[in-house]
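final.txt follows; it contains compact mmCIF, C-alpha atoms and all ligand atoms.
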# COMPACT_ATOMS: atom_id res chain seq x y z
CA MET A 1 102.08 115.06 110.07
CA GLN A 2 101.69 113.18 113.33
CA LEU A 3 98.88 110.63 113.39
CA TRP A 4 97.14 112.20 116.37
CA CYS A 5 97.16 115.46 114.51
CA ILE A 6 95.56 113.89 111.44
CA ARG A 7 92.95 112.33 113.68
CA ALA A 8 92.22 115.60 115.45
CA LEU A 9 91.86 117.40 112.11
CA ALA A 10 89.68 114.64 110.76
CA LEU A 11 87.41 114.82 113.81
CA ALA A 12 87.15 118.60 113.59
CA ALA A 13 86.35 118.45 109.87
CA PHE A 14 83.83 115.69 110.46
CA ALA A 15 82.08 117.80 113.12
CA LEU A 16 81.99 120.72 110.69
CA SER A 17 80.56 118.55 107.95
CA LEU A 18 77.76 117.43 110.31
CA MET A 19 76.99 121.07 111.09
CA PHE A 20 76.76 121.92 107.41
CA ALA A 21 74.65 118.88 106.69
CA GLY A 22 72.36 119.72 109.60
CA CYS A 23 71.79 123.31 108.36
CA GLY A 24 70.13 122.17 105.16
CA GLY A 25 71.23 123.19 101.68
CA GLY A 26 74.77 122.22 102.58
CA LYS A 27 74.48 118.51 101.96
CA ASP A 28 76.90 118.44 99.07
CA ILE A 29 79.62 120.11 101.09
CA GLY A 30 78.94 117.71 103.97
CA SER A 31 79.14 114.50 101.97
CA SER A 32 82.25 115.46 99.98
CA ALA A 33 83.97 116.49 103.23
CA SER A 34 83.07 113.13 104.75
CA VAL A 35 84.56 111.23 101.82
CA MET A 36 87.77 113.22 102.07
CA ILE A 37 87.97 112.65 105.83
CA LEU A 38 87.36 108.90 105.56
CA THR A 39 90.16 108.62 103.00
CA ALA A 40 92.59 110.52 105.22
CA ALA A 41 91.65 108.55 108.34
CA SER A 42 91.90 105.11 106.75
CA ALA A 43 95.23 106.00 105.12
CA ALA A 44 96.58 106.99 108.55
CA GLU A 45 95.35 103.75 110.10
CA SER A 46 96.79 101.47 107.46
CA GLU A 47 100.04 103.30 106.79
CA GLY A 48 100.80 104.74 110.15
CA TRP A 49 102.77 101.89 111.74
CA GLY A 50 106.00 100.12 111.11
CA THR A 51 108.66 97.81 112.49
CA ILE A 52 112.11 98.88 113.65
CA LYS A 53 115.01 96.50 113.86
CA GLY A 54 118.74 96.67 114.35
CA GLN A 55 121.78 95.10 115.96
CA VAL A 56 123.95 96.45 118.76
CA VAL A 57 127.54 95.46 117.99
CA TRP A 58 130.79 95.68 119.89
CA ALA A 59 133.02 98.35 118.31
CA GLY A 60 136.20 97.52 120.20
CA ASP A 61 139.20 95.80 118.62
CA LYS A 62 139.02 92.63 120.63
CA VAL A 63 135.84 90.82 121.62
CA PRO A 64 135.88 90.69 125.43
CA GLU A 65 135.64 87.30 127.04
CA ARG A 66 132.85 86.64 129.43
CA ALA A 67 134.07 86.73 133.00
CA GLN A 68 133.42 83.96 135.51
CA LEU A 69 131.75 85.09 138.71
CA LYS A 70 133.38 84.48 142.05
CA VAL A 71 130.87 82.37 143.93
CA ASP A 72 131.90 82.42 147.58
CA LYS A 73 128.63 81.38 149.15
CA ASP A 74 126.08 78.56 148.74
CA GLN A 75 128.36 76.86 146.22
CA ASN A 76 126.39 73.61 146.23
CA ALA A 77 123.23 75.34 145.07
CA CYS A 78 124.76 78.08 142.93
CA LEU A 79 127.26 75.92 141.03
CA LYS A 80 125.02 72.90 140.51
CA ASN A 81 124.87 73.59 136.75
CA GLY A 82 128.53 74.63 136.42
CA PRO A 83 130.37 77.92 136.87
CA LEU A 84 128.33 81.13 136.83
CA LEU A 85 129.24 83.59 134.09
CA ASP A 86 128.96 87.35 134.35
CA ASP A 87 126.02 88.80 132.40
CA LYS A 88 127.37 92.34 132.55
CA LEU A 89 129.16 92.25 129.20
CA VAL A 90 128.14 89.47 126.85
CA VAL A 91 129.51 89.84 123.32
CA ASN A 92 128.96 87.14 120.72
CA PRO A 93 132.39 86.23 119.25
CA LYS A 94 130.73 85.11 115.98
CA ASN A 95 129.12 88.42 115.05
CA LYS A 96 130.15 90.89 117.80
CA GLY A 97 126.48 91.22 118.79
CA VAL A 98 126.04 92.68 122.28
CA ARG A 99 123.45 91.02 124.48
CA TRP A 100 121.39 92.77 127.18
CA ALA A 101 121.27 96.23 125.65
CA ALA A 102 117.98 97.99 126.33
CA VAL A 103 116.42 99.79 123.37
CA TYR A 104 113.40 102.08 123.54
CA LEU A 105 111.52 104.64 121.55
CA MET A 106 110.76 108.11 122.79
CA SER A 107 109.28 111.34 121.53
CA ALA A 108 111.64 113.92 120.06
CA ASP A 109 110.14 116.23 122.73
CA GLY A 110 111.30 114.12 125.64
CA PHE A 111 111.01 110.86 127.53
CA LYS A 112 107.67 111.53 129.17
CA LYS A 113 105.90 112.99 126.13
CA ALA A 114 103.23 110.63 124.85
CA ILE A 115 103.66 109.05 121.44
CA PRO A 116 100.95 107.38 119.34
CA ILE A 117 100.21 103.83 120.46
CA HIS A 118 98.95 101.23 118.01
CA PRO A 119 95.31 100.27 118.71
CA SER A 120 96.31 96.65 119.42
CA LEU A 121 98.75 97.81 122.12
CA GLN A 122 96.63 100.39 123.89
CA ASP A 123 95.30 97.91 126.44
CA ILE A 124 97.99 96.12 128.40
CA LYS A 125 97.29 92.44 127.80
CA LYS A 126 100.25 90.99 129.65
CA LYS A 127 99.74 92.32 133.15
CA VAL A 128 102.72 90.69 134.85
CA VAL A 129 106.41 90.57 133.98
CA GLU A 130 108.59 88.13 135.90
CA VAL A 131 112.19 87.93 136.96
CA ASP A 132 113.39 84.80 138.74
CA GLN A 133 116.47 83.69 140.68
CA PRO A 134 116.57 79.96 139.91
CA CYS A 135 120.33 79.53 140.14
CA CYS A 136 121.92 82.53 141.89
CA LEU A 137 121.45 84.87 138.95
CA PHE A 138 118.58 87.20 138.06
CA GLU A 139 116.92 85.81 134.95
CA PRO A 140 116.50 87.72 132.75
CA HIS A 141 119.45 89.92 133.63
CA ILE A 142 117.96 93.03 131.98
CA LEU A 143 114.29 93.54 131.47
CA ALA A 144 111.95 96.31 130.48
CA LEU A 145 108.31 96.79 131.26
CA ARG A 146 105.66 99.33 130.54
CA GLU A 147 104.04 101.51 133.13
CA GLY A 148 100.91 99.62 134.18
CA GLN A 149 102.59 96.22 134.21
CA THR A 150 103.38 94.52 137.52
CA LEU A 151 106.87 93.22 138.22
CA VAL A 152 107.00 89.89 140.03
CA VAL A 153 110.38 88.93 141.49
CA LYS A 154 110.37 85.18 142.11
CA ASN A 155 112.61 82.83 144.00
CA SER A 156 112.15 79.36 142.52
CA ALA A 157 115.42 78.15 144.07
CA ALA A 158 115.77 75.92 147.13
CA ILE A 159 117.80 78.54 149.00
CA PRO A 160 116.80 81.98 150.28
CA HIS A 161 117.57 85.07 148.26
CA ASN A 162 117.04 88.70 149.01
CA VAL A 163 115.72 91.47 146.79
CA LYS A 164 117.02 94.99 147.03
CA VAL A 165 115.42 97.47 144.63
CA ASP A 166 116.59 101.07 144.03
CA PRO A 167 115.93 103.94 143.67
CA GLU A 168 112.14 104.21 143.35
CA PRO A 169 110.72 102.15 144.89
CA SER A 170 113.51 101.54 147.36
CA LEU A 171 113.11 98.32 149.29
CA ASN A 172 115.03 95.43 150.72
CA GLN A 173 113.30 92.16 151.41
CA ILE A 174 114.23 88.55 152.09
CA LEU A 175 112.72 86.07 149.65
CA PRO A 176 112.52 82.52 151.08
CA PRO A 177 112.47 79.57 148.63
CA GLY A 178 109.30 79.39 146.57
CA THR A 179 108.12 82.91 147.39
CA GLN A 180 107.70 86.03 145.31
CA LEU A 181 107.55 89.78 145.63
CA LYS A 182 105.03 91.85 143.67
CA LEU A 183 105.86 95.40 142.63
CA GLU A 184 102.79 97.24 141.44
CA ASP A 185 102.27 100.83 140.34
CA LEU A 186 105.78 101.22 138.94
CA LYS A 187 106.14 104.60 137.27
CA ALA A 188 108.22 105.62 134.27
CA ARG A 189 110.02 108.33 136.22
CA ARG A 190 113.45 108.23 134.66
CA GLN A 191 115.29 107.05 131.59
CA THR A 192 117.68 104.88 133.56
CA PRO A 193 116.69 101.49 135.01
CA LEU A 194 115.91 100.37 138.53
CA SER A 195 118.65 98.24 140.04
CA ILE A 196 117.84 94.91 141.59
CA ALA A 197 120.33 93.01 143.70
CA CYS A 198 120.59 90.17 146.17
CA ASN A 199 122.57 91.05 149.28
CA ILE A 200 123.12 87.42 150.24
CA HIS A 201 124.95 86.74 146.97
CA GLY A 202 126.83 89.93 146.16
CA TRP A 203 127.36 89.05 142.48
CA MET A 204 123.62 88.91 141.79
CA THR A 205 122.44 92.07 140.03
CA GLY A 206 119.91 93.00 137.41
CA LYS A 207 118.22 96.04 135.87
CA VAL A 208 114.58 96.86 135.23
CA PHE A 209 113.43 99.64 132.92
CA VAL A 210 110.00 101.14 133.53
CA LEU A 211 108.91 102.84 130.32
CA PRO A 212 105.97 105.05 129.35
CA ASN A 213 105.09 103.24 126.10
CA PRO A 214 105.17 99.68 124.74
CA TYR A 215 107.96 100.33 122.25
CA PHE A 216 111.05 98.72 123.72
CA ALA A 217 113.23 95.63 123.46
CA VAL A 218 116.29 94.01 125.01
CA THR A 219 118.91 92.69 122.59
CA ASP A 220 119.26 88.93 122.18
CA ALA A 221 122.40 86.76 122.06
CA ASP A 222 123.20 88.14 118.57
CA GLY A 223 122.67 91.75 119.63
CA ASN A 224 119.46 91.95 117.61
CA PHE A 225 116.27 93.74 118.53
CA GLU A 226 112.92 94.30 116.89
CA ILE A 227 110.05 96.60 117.83
CA ARG A 228 106.73 96.14 116.03
CA ASP A 229 103.67 98.30 115.44
CA ALA A 230 105.60 101.48 116.15
CA PRO A 231 104.19 104.81 114.95
CA ALA A 232 105.51 106.13 111.65
CA GLY A 233 107.44 109.36 111.73
CA ASP A 234 110.40 110.93 113.47
CA PHE A 235 111.30 109.68 116.92
CA ARG A 236 114.37 109.03 119.02
CA LEU A 237 115.77 105.59 119.65
CA VAL A 238 117.53 105.31 122.99
CA VAL A 239 120.05 102.52 123.56
CA TRP A 240 121.52 101.74 126.99
CA HIS A 241 123.98 99.11 128.14
CA GLU A 242 125.06 98.34 131.68
CA GLU A 243 128.76 98.45 130.82
CA ILE A 244 128.91 101.89 129.21
CA GLY A 245 125.54 103.57 129.73
CA TRP A 246 124.16 105.41 126.68
CA VAL A 247 125.14 103.75 123.43
CA ALA A 248 123.44 105.63 120.58
CA GLY A 249 123.38 109.30 119.65
CA ASP A 250 123.52 111.81 116.85
CA GLY A 251 127.27 111.78 116.94
CA LYS A 252 128.00 111.38 120.63
CA PRO A 253 126.06 108.74 122.60
CA SER A 254 123.42 110.40 124.75
CA LYS A 255 120.32 109.81 126.83
CA ASN A 256 118.38 111.37 123.97
CA GLY A 257 119.49 108.56 121.68
CA LYS A 258 119.53 108.93 117.94
CA LYS A 259 116.99 110.41 115.57
CA ILE A 260 115.19 107.81 113.51
CA THR A 261 112.43 107.93 110.93
CA ILE A 262 110.02 105.02 111.07
CA LYS A 263 108.55 104.08 107.71
CA ALA A 264 104.85 103.29 107.56
CA GLY A 265 103.85 99.75 106.58
CA ASP A 266 107.45 98.66 106.36
CA THR A 267 110.48 97.57 108.36
CA THR A 268 113.00 100.27 109.15
CA ASP A 269 116.33 98.47 109.47
CA LEU A 270 118.74 100.59 111.47
CA GLY A 271 121.58 98.17 110.74
CA LYS A 272 124.50 97.97 113.14
CA ILE A 273 124.53 100.28 116.14
CA PRO A 274 128.12 100.37 117.39
CA MET A 275 128.86 100.15 121.10
CA LYS A 276 132.26 101.68 121.76
CA PRO A 277 134.07 100.52 124.88
CA THR A 278 134.98 103.17 127.40
CA GLU A 279 138.69 104.07 127.42
CU CU B 1 120.79 85.50 146.13
Turn the structure described in the file into structure tokens.
Ligand SMILES: [Cu+2]
Amino acid sequence: MQLWCIRALALAAFALSLMFAGCGGGKDIGSSASVMILTAASAAESEGWGTIKGQVVWAGDKVPERAQLKVDKDQNACLKNGPLLDDKLVVNPKNKGVRWAAVYLMSADGFKKAIPIHPSLQDIKKKVVEVDQPCCLFEPHILALREGQTLVVKNSAAIPHNVKVDPEPSLNQILPPGTQLKLEDLKARRQTPLSIACNIHGWMTGKVFVLPNPYFAVTDADGNFEIRDAPAGDFRLVVWHEEIGWVAGDGKPSKNGKKITIKAGDTTDLGKIPMKPTE
């Protein structure tokens, strides 16, 4: 049973028990009902959350090499730390882990349906999420935030950049050195990310997911991800990568992701999630 459902039942039963207790002569019924309710509620609180982890791995024959970007502008500034490498497809040759895959949890009833949120995550503590352009790349390349968080696009470089965001909001703004752009009130409207780009340096792109719950991650340099304090039960895990789009599915990769069951009080290890290259 879903946690919210247990809570709703517990509340209803508790209200009933108060009514009985208040009517006199029903005290025994009231107190035994309360004991039963307390047991159910505390069990749901302590056993209702778990961790999910997994690894997105390249399923092609040959591990692709990371491409070098063609830097045809502002070379002095952009190449000061060496050549710029493409972040679009980054596969670790040691373990085939795929970096920059976005992973998020959604209800089996759809992207916008609410799912239980752990008490410690209900308030958004980290109000601002940043992306910077220190050396002619968006860093991080892929990021995800939760509705209610503000996105700050910074330019900590000594040269001007530009920020073009699409599709909602859609804006295009120059960002002189040392300035920043604040994007507030971002809404989790769609399952796909916003695109960010710099028109001055055509190779500069990034993606920003705006999600309706706090249960998401972006894979690290080994392709690993971990999501903590997720609600126990059946949900869908959606995996997206810039190179191929949807990665996971029940059979075929899809925007609905794959069905997973999160174990309470435990880590649910989803193992390797293969990312097949497009033919
Ligand atoms: Cu730029």
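Of note, atom CA of A:Gln68 and atom CA of A:Leu85 are spaced 4.4 Å apart.
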Item to check | Contacts of ligand CU 1 (chain B), 10 Å or closer, all atoms listed in the file, given as a list in words | outcome: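 Taking all atoms listed in the file into account, the residues around ligand CU 1 (chain B) at most 10 Å away are Lys73, Asp74, Cys78, Gln133, Pro134, Cys135, Cys136, Leu137, Phe138, Asn155, Ala157, Ile159, Pro160, His161, Asn162, Val163, Ile174, Leu175, Ala197, Cys198, Asn199, Ile200, His201, Gly202, Trp203, Met204 and Thr205 of chain A.
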Item to check | Residue with smallest distance to A:Asp86 - pool A:Arg66, A:Lys154, A:Arg99, A:Lys263, counting all atoms listed in the file | outcome: A:Arg66
Next on the checklist: Using all atoms listed in the file, can you tell me which of A:Asp132, A:Arg146, A:Lys127, A:Pro193 comes closest to A:Pro177?
Outcome noted: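 Distance minimum relative to A:Pro177 lands on A:Asp132.
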Item to check | Contacts of A:Ile124 within 10 Å, only C-alpha atoms, excl. fewer than 4 positions in-chain, as a list in words | outcome: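 Using only C-alpha atoms, the neighbours found are Ser120, Val128, Arg146, Glu147, Gly148, Gln149 and Pro214 of chain A.
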Which residues of stretch 164-226 of chain A come within 10 Å of stretch 231-248 of chain A, and for each one, what is the closest pair of atoms and their distance in Å to one decimal, counting all atoms listed in the file, sorted by chain and residue number, as CSV?
residue,atom,partner,partner_atom,distance
A:Gln191,CA,A:Val238,CA,9.1
A:Thr192,CA,A:Trp240,CA,8.2
A:Pro193,CA,A:Trp240,CA,9.4
A:Gly206,CA,A:Glu242,CA,9.4
A:Lys207,CA,A:Glu242,CA,8.3
A:Tyr215,CA,A:Pro231,CA,9.4
A:Phe216,CA,A:Val238,CA,9.3
A:Ala217,CA,A:Val239,CA,9.7
A:Val218,CA,A:Val239,CA,9.4
A:Thr219,CA,A:His241,CA,9.9
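Residues of protein, DNA and RNA with at least one atom no farther than 7 Å from (130.6, 98.6, 121.1) are, using all atoms listed in the file, Val57, Trp58, Ala59, Gly60, Pro274, Met275, Lys276 and Pro277 of chain A.
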Using the selection just defined, write its residues with C-alpha atoms as a PDB file, in the coordinates of the input.
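Contents of again.pdb, freshly written:
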ATOM      1  CA  VAL A  57     127.540  95.460 117.990  1.00  0.00           C
ATOM      2  CA  TRP A  58     130.790  95.680 119.890  1.00  0.00           C
ATOM      3  CA  ALA A  59     133.020  98.350 118.310  1.00  0.00           C
ATOM      4  CA  GLY A  60     136.200  97.520 120.200  1.00  0.00           C
ATOM      5  CA  PRO A 274     128.120 100.370 117.390  1.00  0.00           C
ATOM      6  CA  MET A 275     128.860 100.150 121.100  1.00  0.00           C
ATOM      7  CA  LYS A 276     132.260 101.680 121.760  1.00  0.00           C
ATOM      8  CA  PRO A 277     134.070 100.520 124.880  1.00  0.00           C
TER       9      PRO A 277
END
Next on the checklist: Taking 3 positions as the minimum chain separation for residues in the same chain, which residues sit within 7 Å of A:Arg228 when counting only C-alpha atoms? Answer as a count of residues only.
Outcome noted: 3
Item to check | Among the residues A:Asp72, A:Glu130, A:Glu226, A:Asp269, the one that comes closest to A:Leu183 [using all atoms listed in the file] | outcome: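 Closest to A:Leu183 of all the choices is A:Glu130.
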Contacts of stretch 61-64 of chain A at 9 Å or less, counting all atoms listed in the file, minus same-chain residues fewer than 2 places along, as a short mmCIF file (atom, residue, chain, number, x, y, z; two decimals) with C-alpha atoms, in the frame of the given file?
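Output below, filename selection09.cif:
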data_model
loop_
_atom_site.label_atom_id
_atom_site.label_comp_id
_atom_site.auth_asym_id
_atom_site.auth_seq_id
_atom_site.Cartn_x
_atom_site.Cartn_y
_atom_site.Cartn_z
CA TRP A 58 130.79 95.68 119.89
CA ALA A 59 133.02 98.35 118.31
CA ARG A 66 132.85 86.64 129.43
CA ALA A 67 134.07 86.73 133.00
CA LEU A 89 129.16 92.25 129.20
CA VAL A 90 128.14 89.47 126.85
CA VAL A 91 129.51 89.84 123.32
CA ASN A 92 128.96 87.14 120.72
CA PRO A 93 132.39 86.23 119.25
CA LYS A 96 130.15 90.89 117.80
#
